[in-house]
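Note: the block below is entry36.pdb and it holds PDB, C-alpha atoms and all ligand atoms.
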ATOM      1  CA  MET M 260     -21.126-146.723-112.042
ATOM      2  CA  SER M 261     -17.559-147.457-113.030
ATOM      3  CA  ARG M 262     -14.666-145.697-111.352
ATOM      4  CA  VAL M 263     -15.509-142.269-110.027
ATOM      5  CA  GLY M 264     -13.050-139.859-108.467
ATOM      6  CA  ILE M 265     -13.415-136.483-106.778
ATOM      7  CA  LEU M 266     -10.361-134.292-106.421
ATOM      8  CA  ALA M 267     -10.171-131.929-103.443
ATOM      9  CA  LEU M 268      -8.145-128.910-104.518
ATOM     10  CA  GLY M 269      -7.445-125.470-103.115
ATOM     11  CA  PRO M 270      -4.895-123.402-101.250
ATOM     12  CA  ALA M 271      -3.146-124.591 -98.096
ATOM     13  CA  GLY M 272      -5.281-124.890 -94.969
ATOM     14  CA  VAL M 273      -8.567-124.251 -96.745
ATOM     15  CA  GLY M 274     -10.076-127.465 -95.331
ATOM     16  CA  LYS M 275      -9.449-130.072 -98.049
ATOM     17  CA  SER M 276      -8.600-132.986 -95.741
ATOM     18  CA  THR M 277     -11.508-132.162 -93.427
ATOM     19  CA  PHE M 278     -13.812-132.062 -96.459
ATOM     20  CA  CYS M 279     -12.492-135.463 -97.650
ATOM     21  CA  ASN M 280     -13.150-136.921 -94.193
ATOM     22  CA  SER M 281     -16.660-135.482 -94.057
ATOM     23  CA  MET M 282     -17.415-136.850 -97.529
ATOM     24  CA  ILE M 283     -16.182-140.305 -96.558
ATOM     25  CA  ALA M 284     -18.171-140.252 -93.313
ATOM     26  CA  TYR M 285     -21.314-139.222 -95.166
ATOM     27  CA  MET M 286     -20.846-141.703 -98.014
ATOM     28  CA  GLN M 287     -20.267-144.539 -95.577
ATOM     29  CA  SER M 288     -23.414-143.520 -93.690
ATOM     30  CA  ILE M 289     -25.465-143.933 -96.872
ATOM     31  CA  GLY M 290     -23.790-147.195 -97.808
ATOM     32  CA  ARG M 291     -21.474-146.053-100.570
ATOM     33  CA  ARG M 292     -18.045-147.567-100.778
ATOM     34  CA  ALA M 293     -15.587-144.710-100.745
ATOM     35  CA  HIS M 294     -11.897-144.292-100.014
ATOM     36  CA  ILE M 295      -9.381-141.507 -99.618
ATOM     37  CA  VAL M 296      -6.360-141.378-101.892
ATOM     38  CA  ASN M 297      -3.751-139.144-100.344
ATOM     39  CA  LEU M 298      -1.693-137.335-102.972
ATOM     40  CA  ASP M 299       0.045-135.065-100.483
ATOM     41  CA  PRO M 300       3.529-136.356 -99.663
ATOM     42  CA  ALA M 301       3.570-134.078 -96.600
ATOM     43  CA  ALA M 302       0.160-135.112 -95.229
ATOM     44  CA  GLU M 303      -0.490-135.472 -91.525
ATOM     45  CA  PRO M 304      -2.555-138.452 -90.323
ATOM     46  CA  THR M 305      -6.313-137.791 -90.526
ATOM     47  CA  GLU M 306      -9.451-139.313 -89.007
ATOM     48  CA  PHE M 307      -9.965-141.837 -91.804
ATOM     49  CA  GLU M 308      -7.028-143.939 -92.864
ATOM     50  CA  PHE M 309      -5.800-143.374 -96.378
ATOM     51  CA  THR M 310      -6.589-146.350 -98.583
ATOM     52  CA  VAL M 311      -3.917-145.239-101.014
ATOM     53  CA  ASP M 312      -1.104-143.036 -99.800
ATOM     54  CA  ILE M 313       1.606-141.426-101.928
ATOM     55  CA  ARG M 314       3.842-141.568 -98.846
ATOM     56  CA  ASP M 315       4.070-145.334 -99.368
ATOM     57  CA  LEU M 316       5.888-144.468-102.581
ATOM     58  CA  ILE M 317       7.736-141.347-101.506
ATOM     59  CA  SER M 318       7.550-138.896 -98.614
ATOM     60  CA  LEU M 319       8.435-135.239 -98.480
ATOM     61  CA  GLN M 320      10.480-135.673 -95.351
ATOM     62  CA  ASP M 321      12.686-138.396 -96.884
ATOM     63  CA  VAL M 322      13.301-136.325-100.001
ATOM     64  CA  GLN M 323      14.173-133.230 -97.983
ATOM     65  CA  GLU M 324      16.569-135.156 -95.802
ATOM     66  CA  GLU M 325      18.201-137.251 -98.477
ATOM     67  CA  LEU M 326      18.437-134.686-101.253
ATOM     68  CA  ASN M 327      18.775-131.650 -99.036
ATOM     69  CA  LEU M 328      15.933-129.840-100.787
ATOM     70  CA  GLY M 329      13.570-127.177 -99.467
ATOM     71  CA  PRO M 330       9.852-128.017 -99.079
ATOM     72  CA  ASN M 331       8.763-126.755-102.500
ATOM     73  CA  GLY M 332      11.659-128.331-104.424
ATOM     74  CA  ALA M 333      11.069-131.580-102.543
ATOM     75  CA  LEU M 334       7.357-131.516-103.380
ATOM     76  CA  VAL M 335       8.068-131.067-107.075
ATOM     77  CA  TYR M 336      10.613-133.910-106.856
ATOM     78  CA  CYS M 337       7.998-136.171-105.204
ATOM     79  CA  PHE M 338       5.549-135.564-108.020
ATOM     80  CA  GLU M 339       8.142-136.053-110.723
ATOM     81  CA  PHE M 340       8.942-139.340-109.018
ATOM     82  CA  LEU M 341       5.256-140.272-109.035
ATOM     83  CA  LEU M 342       4.995-139.400-112.735
ATOM     84  CA  ASN M 343       7.921-141.727-113.417
ATOM     85  CA  ASN M 344       6.242-144.476-111.417
ATOM     86  CA  LEU M 345       2.637-144.294-112.529
ATOM     87  CA  ASP M 346       2.452-148.082-112.543
ATOM     88  CA  TRP M 347       2.477-147.783-108.722
ATOM     89  CA  LEU M 348      -0.672-145.638-108.935
ATOM     90  CA  ASP M 349      -2.241-148.103-111.383
ATOM     91  CA  GLU M 350      -1.699-150.949-108.964
ATOM     92  CA  GLU M 351      -2.971-149.001-105.978
ATOM     93  CA  VAL M 352      -6.148-147.518-107.430
ATOM     94  CA  GLY M 353      -6.770-149.953-110.293
ATOM     95  CA  GLN M 354      -8.504-152.487-108.061
ATOM     96  CA  TYR M 355     -11.337-150.146-107.011
ATOM     97  CA  GLU M 356     -14.217-150.832-109.372
ATOM     98  CA  ASP M 357     -17.665-149.349-108.660
ATOM     99  CA  GLU M 358     -16.318-147.281-105.799
ATOM    100  CA  TYR M 359     -15.715-143.633-105.082
ATOM    101  CA  LEU M 360     -12.166-142.436-104.657
ATOM    102  CA  ILE M 361     -11.589-139.037-103.099
ATOM    103  CA  PHE M 362      -8.202-137.599-103.963
ATOM    104  CA  ASP M 363      -6.831-135.313-101.262
ATOM    105  CA  CYS M 364      -4.405-133.046-103.092
ATOM    106  CA  PRO M 365      -1.601-130.857-101.758
ATOM    107  CA  GLY M 366      -2.294-127.184-101.060
ATOM    108  CA  GLN M 367       0.509-125.904-103.284
ATOM    109  CA  ILE M 368      -1.667-124.666-106.112
ATOM    110  CA  GLU M 369       1.333-124.224-108.424
ATOM    111  CA  LEU M 370       1.154-128.020-108.839
ATOM    112  CA  TYR M 371      -1.992-127.542-110.866
ATOM    113  CA  ASN M 372      -1.520-123.971-111.998
ATOM    114  CA  HIS M 373       2.095-123.881-113.176
ATOM    115  CA  ILE M 374       3.587-127.364-113.319
ATOM    116  CA  PRO M 375       1.724-129.972-115.364
ATOM    117  CA  VAL M 376       1.795-132.563-112.580
ATOM    118  CA  LEU M 377      -1.874-132.921-111.754
ATOM    119  CA  PRO M 378      -3.057-132.527-115.361
ATOM    120  CA  THR M 379      -0.794-135.459-116.284
ATOM    121  CA  ILE M 380      -2.066-137.615-113.415
ATOM    122  CA  ILE M 381      -5.652-136.738-114.314
ATOM    123  CA  LYS M 382      -5.199-137.695-117.964
ATOM    124  CA  HIS M 383      -3.640-140.952-116.808
ATOM    125  CA  LEU M 384      -6.569-141.736-114.491
ATOM    126  CA  GLN M 385      -9.058-140.946-117.237
ATOM    127  CA  LEU M 386      -7.388-142.626-120.174
ATOM    128  CA  GLN M 387      -5.572-145.565-118.614
ATOM    129  CA  LEU M 388      -7.856-146.366-115.692
ATOM    130  CA  ASN M 389     -11.177-145.196-117.105
ATOM    131  CA  PHE M 390     -11.977-142.829-114.239
ATOM    132  CA  SER M 391     -14.821-140.367-114.397
ATOM    133  CA  LEU M 392     -13.481-137.397-112.452
ATOM    134  CA  CYS M 393     -14.574-134.051-111.114
ATOM    135  CA  ALA M 394     -12.607-131.341-109.365
ATOM    136  CA  THR M 395     -13.769-129.530-106.261
ATOM    137  CA  TYR M 396     -11.966-126.268-105.617
ATOM    138  CA  LEU M 397     -12.189-124.906-102.087
ATOM    139  CA  LEU M 398     -11.840-121.289-101.028
ATOM    140  CA  GLU M 399     -12.317-120.110 -97.478
ATOM    141  CA  ALA M 400     -15.624-118.275 -97.000
ATOM    142  CA  SER M 401     -14.260-115.730 -94.550
ATOM    143  CA  PHE M 402     -11.596-114.636 -97.043
ATOM    144  CA  VAL M 403     -13.708-114.238-100.102
ATOM    145  CA  THR M 404     -16.480-112.089 -98.682
ATOM    146  CA  ASP M 405     -14.044-109.306 -99.450
ATOM    147  CA  ARG M 406     -14.342-108.292-103.116
ATOM    148  CA  SER M 407     -10.675-108.270-104.058
ATOM    149  CA  LYS M 408     -10.057-111.623-102.359
ATOM    150  CA  PHE M 409     -13.135-113.046-104.039
ATOM    151  CA  PHE M 410     -11.737-111.907-107.381
ATOM    152  CA  SER M 411      -8.342-113.368-106.722
ATOM    153  CA  GLY M 412      -9.808-116.659-105.435
ATOM    154  CA  THR M 413     -12.178-116.962-108.381
ATOM    155  CA  LEU M 414      -9.308-116.463-110.802
ATOM    156  CA  SER M 415      -7.230-119.133-109.091
ATOM    157  CA  ALA M 416     -10.221-121.506-109.279
ATOM    158  CA  MET M 417     -10.634-120.614-112.938
ATOM    159  CA  SER M 418      -6.985-121.202-113.618
ATOM    160  CA  ALA M 419      -7.260-124.719-112.141
ATOM    161  CA  MET M 420     -10.413-125.291-114.184
ATOM    162  CA  ILE M 421      -8.704-124.287-117.421
ATOM    163  CA  LEU M 422      -5.611-126.389-116.773
ATOM    164  CA  LEU M 423      -7.298-129.516-115.480
ATOM    165  CA  GLU M 424     -10.178-129.534-117.982
ATOM    166  CA  LEU M 425     -12.472-131.369-115.547
ATOM    167  CA  PRO M 426     -16.062-130.796-114.457
ATOM    168  CA  HIS M 427     -15.510-128.305-111.701
ATOM    169  CA  ILE M 428     -17.342-127.479-108.448
ATOM    170  CA  ASN M 429     -16.405-124.368-106.520
ATOM    171  CA  ILE M 430     -16.873-124.481-102.776
ATOM    172  CA  LEU M 431     -16.753-121.881-100.023
ATOM    173  CA  SER M 432     -15.413-123.776 -97.025
ATOM    174  CA  LYS M 433     -15.757-123.067 -93.296
ATOM    175  CA  CYS M 434     -19.093-121.278 -93.725
ATOM    176  CA  ASP M 435     -19.762-121.818 -90.006
ATOM    177  CA  LEU M 436     -17.130-119.168 -89.313
ATOM    178  CA  ILE M 437     -19.374-116.556 -90.897
ATOM    179  CA  LYS M 438     -21.364-115.691 -87.819
ATOM    180  CA  ASP M 439     -22.719-112.164 -87.753
ATOM    181  CA  GLN M 440     -25.780-111.206 -89.799
ATOM    182  CA  VAL M 441     -23.980-108.654 -91.968
ATOM    183  CA  SER M 442     -21.295-111.148 -93.008
ATOM    184  CA  LYS M 443     -23.963-113.812 -93.605
ATOM    185  CA  ARG M 444     -25.790-111.443 -95.924
ATOM    186  CA  GLU M 445     -22.515-110.699 -97.720
ATOM    187  CA  LEU M 446     -21.810-114.424 -98.019
ATOM    188  CA  LYS M 447     -25.187-114.964 -99.657
ATOM    189  CA  ARG M 448     -24.254-112.463-102.327
ATOM    190  CA  PHE M 449     -20.956-114.202-102.976
ATOM    191  CA  LEU M 450     -22.408-117.706-103.283
ATOM    192  CA  ASN M 451     -24.196-116.939-106.504
ATOM    193  CA  PRO M 452     -23.146-113.433-107.314
ATOM    194  CA  ASP M 453     -23.816-111.036-110.073
ATOM    195  CA  PRO M 454     -20.205-110.425-111.138
ATOM    196  CA  LEU M 455     -21.015-106.740-111.342
ATOM    197  CA  LEU M 456     -21.108-106.697-107.558
ATOM    198  CA  LEU M 457     -17.378-106.971-107.934
ATOM    199  CA  SER M 458     -17.245-103.580-109.540
ATOM    200  CA  GLU M 459     -19.903-101.784-107.541
ATOM    201  CA  ASN M 460     -19.079 -99.228-104.911
ATOM    202  CA  PRO M 461     -19.198-101.046-101.584
ATOM    203  CA  THR M 462     -20.912 -99.441 -98.628
ATOM    204  CA  GLY M 463     -18.600 -98.808 -95.771
ATOM    205  CA  GLY M 464     -15.727 -97.673 -98.032
ATOM    206  CA  ASN M 465     -13.070-100.187 -97.020
ATOM    207  CA  LYS M 466      -9.763 -98.592 -98.027
ATOM    208  CA  ALA M 467      -8.244-101.952 -98.880
ATOM    209  CA  ASP M 468     -11.019-102.661-101.359
ATOM    210  CA  PHE M 469      -9.991-102.448-104.988
ATOM    211  CA  ILE M 470     -12.691 -99.927-105.723
ATOM    212  CA  SER M 471     -10.667 -97.277-103.933
ATOM    213  CA  THR M 472      -7.613 -98.021-106.109
ATOM    214  CA  ASN M 473      -6.410 -96.546-109.345
ATOM    215  CA  PRO M 474      -9.163 -96.168-112.009
ATOM    216  CA  LYS M 475      -7.084 -98.320-114.358
ATOM    217  CA  PHE M 476      -7.511-101.200-111.921
ATOM    218  CA  GLN M 477     -11.245-100.559-111.816
ATOM    219  CA  ARG M 478     -11.402-100.964-115.594
ATOM    220  CA  LEU M 479      -9.308-104.122-115.385
ATOM    221  CA  ASN M 480     -11.524-105.500-112.607
ATOM    222  CA  LYS M 481     -14.677-104.818-114.615
ATOM    223  CA  ALA M 482     -13.170-106.566-117.646
ATOM    224  CA  ILE M 483     -12.236-109.590-115.533
ATOM    225  CA  ALA M 484     -15.709-109.616-113.941
ATOM    226  CA  ARG M 485     -17.222-109.847-117.417
ATOM    227  CA  LEU M 486     -14.807-112.650-118.334
ATOM    228  CA  VAL M 487     -15.691-114.559-115.177
ATOM    229  CA  ASP M 488     -19.379-114.047-115.948
ATOM    230  CA  ASP M 489     -18.957-115.310-119.513
ATOM    231  CA  PHE M 490     -17.437-118.525-118.202
ATOM    232  CA  GLY M 491     -20.568-118.952-116.071
ATOM    233  CA  MET M 492     -18.555-120.271-113.173
ATOM    234  CA  VAL M 493     -19.235-117.673-110.521
ATOM    235  CA  GLN M 494     -21.200-120.077-108.437
ATOM    236  CA  PHE M 495     -20.074-121.512-105.153
ATOM    237  CA  LEU M 496     -21.561-124.158-102.914
ATOM    238  CA  PRO M 497     -21.312-123.551 -99.175
ATOM    239  CA  LEU M 498     -19.501-126.091 -97.015
ATOM    240  CA  ASP M 499     -19.585-126.500 -93.263
ATOM    241  CA  CYS M 500     -17.556-129.369 -91.825
ATOM    242  CA  SER M 501     -17.560-128.085 -88.255
ATOM    243  CA  ASP M 502     -20.151-130.636 -87.151
ATOM    244  CA  ARG M 503     -20.435-134.157 -88.565
ATOM    245  CA  ASP M 504     -24.211-134.143 -87.993
ATOM    246  CA  LYS M 505     -24.661-131.173 -90.316
ATOM    247  CA  THR M 506     -24.683-133.067 -93.595
ATOM    248  CA  ASP M 507     -26.672-130.662 -95.791
ATOM    249  CA  SER M 508     -23.719-129.025 -97.496
ATOM    250  CA  ILE M 509     -21.950-132.365 -98.045
ATOM    251  CA  LYS M 510     -25.147-133.833 -99.520
ATOM    252  CA  THR M 511     -25.491-130.947-101.969
ATOM    253  CA  ILE M 512     -21.862-131.174-103.056
ATOM    254  CA  LEU M 513     -22.088-134.945-103.527
ATOM    255  CA  SER M 514     -25.245-134.539-105.583
ATOM    256  CA  HIS M 515     -23.432-132.039-107.851
ATOM    257  CA  ALA M 516     -20.430-134.359-108.061
ATOM    258  CA  ASP M 517     -22.722-137.224-109.060
ATOM    259  CA  ASP M 518     -24.258-135.049-111.755
ATOM    260  CA  VAL M 519     -21.005-133.837-113.223
ATOM    261  CA  THR M 520     -19.251-137.174-113.174
ATOM    262  CA  GLN M 521     -22.160-138.694-115.053
ATOM    263  CA  TRP M 522     -21.877-135.772-117.411
ATOM    264  CA  ALA M 523     -18.195-136.530-117.886
ATOM    265  CA  GLU M 524     -19.008-140.171-118.502
ATOM    266  CA  SER M 525     -21.649-139.562-121.104
ATOM    267  CA  GLN M 526     -19.815-136.586-122.627
ATOM    268  CA  GLU M 527     -23.127-134.797-122.959
ATOM    269  CA  PRO M 528     -22.819-131.190-121.814
ATOM    270  CA  LYS M 529     -25.308-130.211-119.097
ATOM    271  CA  GLU M 530     -26.517-126.787-118.108
ATOM    272  CA  PRO M 531     -24.990-125.745-114.754
ATOM    273  CA  LYS M 532     -27.473-126.181-111.892
ATOM    274  CA  GLU M 533     -28.913-123.072-110.289
ATOM    275  CA  PHE M 534     -28.069-122.727-106.639
ATOM    276  CA  ASP M 535     -30.775-123.914-104.234
ATOM    277  CA  GLU M 536     -32.637-120.806-103.024
ATOM    278  CA  GLU M 537     -33.714-122.477 -99.779
ATOM    279  CA  GLU M 538     -30.118-123.022 -98.789
ATOM    280  CA  LEU M 539     -29.292-119.420 -99.566
ATOM    281  CA  GLU M 540     -32.179-118.352 -97.345
ATOM    282  CA  GLU M 541     -30.987-120.565 -94.496
ATOM    283  CA  LEU M 542     -27.535-119.037 -94.647
ATOM    284  CA  GLY M 543     -28.977-115.569 -94.411
ATOM    285  CA  ASP M 544     -31.054-116.365 -91.314
TER     286      ASP M 544
HETATM  287  N1  LIG Q 601     -14.592-124.015 -88.329
HETATM  288  C1  LIG Q 601     -14.224-124.848 -89.286
HETATM  289  N2  LIG Q 601     -12.938-125.264 -89.373
HETATM  290  C2  LIG Q 601     -12.592-126.104 -90.367
HETATM  291  C3  LIG Q 601     -13.546-126.551 -91.330
HETATM  292  N3  LIG Q 601     -12.895-127.341 -92.212
HETATM  293  C4  LIG Q 601     -11.615-127.401 -91.800
HETATM  294  N4  LIG Q 601     -11.411-126.664 -90.699
HETATM  295  C5  LIG Q 601     -10.151-126.458 -89.950
HETATM  296  O1  LIG Q 601      -9.192-125.829 -90.814
HETATM  297  C6  LIG Q 601      -7.878-126.321 -90.535
HETATM  298  C7  LIG Q 601      -7.229-126.825 -91.811
HETATM  299  O2  LIG Q 601      -7.999-127.914 -92.274
HETATM  300  P1  LIG Q 601      -7.387-129.041 -93.225
HETATM  301  O3  LIG Q 601      -8.517-129.953 -93.581
HETATM  302  O4  LIG Q 601      -6.171-129.647 -92.653
HETATM  303  O5  LIG Q 601      -6.969-128.148 -94.468
HETATM  304  P2  LIG Q 601      -6.167-128.600 -95.782
HETATM  305  O6  LIG Q 601      -6.658-127.752 -96.891
HETATM  306  O7  LIG Q 601      -6.258-130.070 -95.973
HETATM  307  O8  LIG Q 601      -4.688-128.211 -95.379
HETATM  308  P3  LIG Q 601      -3.340-128.558 -96.192
HETATM  309  O9  LIG Q 601      -3.362-130.034 -96.484
HETATM  310  O10 LIG Q 601      -2.256-128.159 -95.239
HETATM  311  O11 LIG Q 601      -3.339-127.728 -97.433
HETATM  312  C8  LIG Q 601      -8.038-127.405 -89.474
HETATM  313  O12 LIG Q 601      -7.767-126.840 -88.205
HETATM  314  C9  LIG Q 601      -9.513-127.800 -89.572
HETATM  315  O13 LIG Q 601     -10.058-128.277 -88.346
HETATM  316  C10 LIG Q 601     -14.922-126.097 -91.217
HETATM  317  O14 LIG Q 601     -15.820-126.386 -92.004
HETATM  318  N5  LIG Q 601     -15.181-125.242 -90.175
END

Take the structure in the file and give it back as structure tokens.
Amino acid sequence: MSRVGILALGPAGVGKSTFCNSMIAYMQSIGRRAHIVNLDPAAEPTEFEFTVDIRDLISLQDVQEELNLGPNGALVYCFEFLLNNLDWLDEEVGQYEDEYLIFDCPGQIELYNHIPVLPTIIKHLQLQLNFSLCATYLLEASFVTDRSKFFSGTLSAMSAMILLELPHINILSKCDLIKDQVSKRELKRFLNPDPLLLSENPTGGNKADFISTNPKFQRLNKAIARLVDDFGMVQFLPLDCSDRDKTDSIKTILSHADDVTQWAESQEPKEPKEFDEEELEELGD
């Protein structure tokens, strides 16, 4: 193994830092050397210390105070500053050979969807520092068991996938919050769904569901469902970080990350793995 990095991406509060901590705890328990690289200039302290921390270069609070900028403007400034000082990143992460680095990224998804900040950093890590990278994109399970939210979340994941051009693992976080049997059954369908479920008529007739909207939207939704299906990316892995002893979901995600980073290294395309049926069954119980 050379340098391997996993990026934790997704909207604010979805559980990225908790996921990074659970990954580190698990990796350490199996004897892998792994570290967290914090790329969020507004990060709060977490359980595991950051080995590399963008706040040693620049912090959101300093920028806001000194330049009198709002939080979003300050965040963009911080990343532009990082891009102008990539030698700092080289020095900080360059020394980690044969180790896993987990990059905890900010929750402002415009940084990877609209502004080419993360794509530039990723190219730098790959080309200058010889990193084999994969992206994990987290969406909260309780939000996406609703069809329209699932659609919207899948498209945001897809947008990150297209822009970052990395092997990509989609994750439904906080699965422990899905408690009742009906929601668990729904979740099962959304982990490895037939995209056409997005255009079927849901039982229960939720008024907020897109199916009850204008027929033009239904046609649009069906077209997008087909597009999503063609990309073959409508597959999510479940994640539960509520209890450190429950390592099954972390193990599965790490095994996928291992697969795809090796794929990235060898440049040989691999068929996407089918989701483990046993795990689906367990979730439904
Ligand atoms: N029940 C439950 N709560 C979780 C889980 N993962 C994270 N949380 C909680 O969700 C909240 C947000 O988690 P974070 O890890 O800070 O989320 P984040 O995506 O890093 O947040 P930002 O950095 O602000 O974008 C915290 O209160 C966590 O304790 C989980 O698997 N289950």

Could you tell me which residues the PyMOL selection byres (((chain M and resi 513-519) around 8) and not hetatm) returns for this structure, as a PyMOL selection string?
chain M and resi 265+282+393+426-428+509-512+520-523

Within 8 Å of ligand LIG 601 (chain Q) (only C-alpha atoms and all ligand atoms), residues as a compact mmCIF listing (two decimals) with C-alpha atoms, in the frame of the given file:
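Result written to part_35.txt:
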# COMPACT_ATOMS: atom_id res chain seq x y z
CA LEU M 268 -8.14 -128.91 -104.52
CA GLY M 269 -7.44 -125.47 -103.12
CA PRO M 270 -4.89 -123.40 -101.25
CA ALA M 271 -3.15 -124.59 -98.10
CA GLY M 272 -5.28 -124.89 -94.97
CA VAL M 273 -8.57 -124.25 -96.74
CA GLY M 274 -10.08 -127.46 -95.33
CA LYS M 275 -9.45 -130.07 -98.05
CA SER M 276 -8.60 -132.99 -95.74
CA THR M 277 -11.51 -132.16 -93.43
CA PHE M 278 -13.81 -132.06 -96.46
CA CYS M 279 -12.49 -135.46 -97.65
CA ASP M 299 0.04 -135.06 -100.48
CA ALA M 302 0.16 -135.11 -95.23
CA GLU M 303 -0.49 -135.47 -91.52
CA ASP M 363 -6.83 -135.31 -101.26
CA CYS M 364 -4.40 -133.05 -103.09
CA PRO M 365 -1.60 -130.86 -101.76
CA GLY M 366 -2.29 -127.18 -101.06
CA GLN M 367 0.51 -125.90 -103.28
CA SER M 432 -15.41 -123.78 -97.02
CA LYS M 433 -15.76 -123.07 -93.30
CA CYS M 434 -19.09 -121.28 -93.72
CA ASP M 435 -19.76 -121.82 -90.01
CA LEU M 436 -17.13 -119.17 -89.31
CA LEU M 498 -19.50 -126.09 -97.02
CA ASP M 499 -19.58 -126.50 -93.26
CA CYS M 500 -17.56 -129.37 -91.82
CA SER M 501 -17.56 -128.08 -88.26
CA ASP M 502 -20.15 -130.64 -87.15

re atom CA of Asn344 of chain M and atom CA of Thr379 of chain M: distance 12.4 Å

Give me the residues near Gln354 of chain M as an NGL selection string, where near means some atom within 12 Å (using all atoms listed in the file) and where sequence neighbours in that chain fewer than 6 positions away do not count.
:M and (261-262 or 294 or 310-311 or 347-348 or 360 or 388-390)

Residues just named, written with C-alpha atoms as a CSV table (one decimal), in the coordinates of the input:
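Resulting contents of again_17.csv:
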chain,number,residue,atom,x,y,z
M,261,SER,CA,-17.6,-147.5,-113.0
M,262,ARG,CA,-14.7,-145.7,-111.4
M,294,HIS,CA,-11.9,-144.3,-100.0
M,310,THR,CA,-6.6,-146.4,-98.6
M,311,VAL,CA,-3.9,-145.2,-101.0
M,347,TRP,CA,2.5,-147.8,-108.7
M,348,LEU,CA,-0.7,-145.6,-108.9
M,360,LEU,CA,-12.2,-142.4,-104.7
M,388,LEU,CA,-7.9,-146.4,-115.7
M,389,ASN,CA,-11.2,-145.2,-117.1
M,390,PHE,CA,-12.0,-142.8,-114.2

For this file, the PyMOL selection byres (((chain M and resi 308) around 10) and not hetatm) selects which residues, as a VMD selection string?
chain M and resid 280 294 to 297 304 to 307 309 to 312

Dump as a CSV table (one decimal), in the frame of the given file, selection limited to C-alpha atoms:
chain,number,residue,atom,x,y,z
M,280,ASN,CA,-13.2,-136.9,-94.2
M,294,HIS,CA,-11.9,-144.3,-100.0
M,295,ILE,CA,-9.4,-141.5,-99.6
M,296,VAL,CA,-6.4,-141.4,-101.9
M,297,ASN,CA,-3.8,-139.1,-100.3
M,304,PRO,CA,-2.6,-138.5,-90.3
M,305,THR,CA,-6.3,-137.8,-90.5
M,306,GLU,CA,-9.5,-139.3,-89.0
M,307,PHE,CA,-10.0,-141.8,-91.8
M,309,PHE,CA,-5.8,-143.4,-96.4
M,310,THR,CA,-6.6,-146.4,-98.6
M,311,VAL,CA,-3.9,-145.2,-101.0
M,312,ASP,CA,-1.1,-143.0,-99.8

Using only C-alpha atoms, which protein or nucleic acid residues come within 9 Å of Thr413 of chain M? Drop anything in the same chain fewer than 2 positions from it, and give the result as a ChimeraX atom specification.
/M:398,403,408-411,415-418,429,487,492-493

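Of the residues under consideration (M:Ile368, M:Leu298, M:Leu414, M:Leu328), M:Leu298 shows the shortest atom-to-atom contact distance to Leu341 of chain M when counting only C-alpha atoms.
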
Which residues, written as a PyMOL selection string, have at least one atom at most 6 Å from Gly264 of chain M, with all atoms listed in the file counted and residues fewer than 6 positions away on the same chain left out?
chain M and resi 359-361+392

For C-alpha atoms, I'd like the residues from the last selection saved as a compact mmCIF listing (two decimals), in the coordinates of the input.
# COMPACT_ATOMS: atom_id res chain seq x y z
CA TYR M 359 -15.72 -143.63 -105.08
CA LEU M 360 -12.17 -142.44 -104.66
CA ILE M 361 -11.59 -139.04 -103.10
CA LEU M 392 -13.48 -137.40 -112.45

Can you measure atom CA of Lys505 of chain M to atom CA of Ser391 of chain M for me? One decimal in Å is fine.
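Going from atom CA of Lys505 of chain M over to atom CA of Ser391 of chain M, I get 27.6 Å.
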
Could you tell me how far atom CA of His373 of chain M sits from atom CA of Tyr336 of chain M, in Å to one decimal place?
14.6 Å
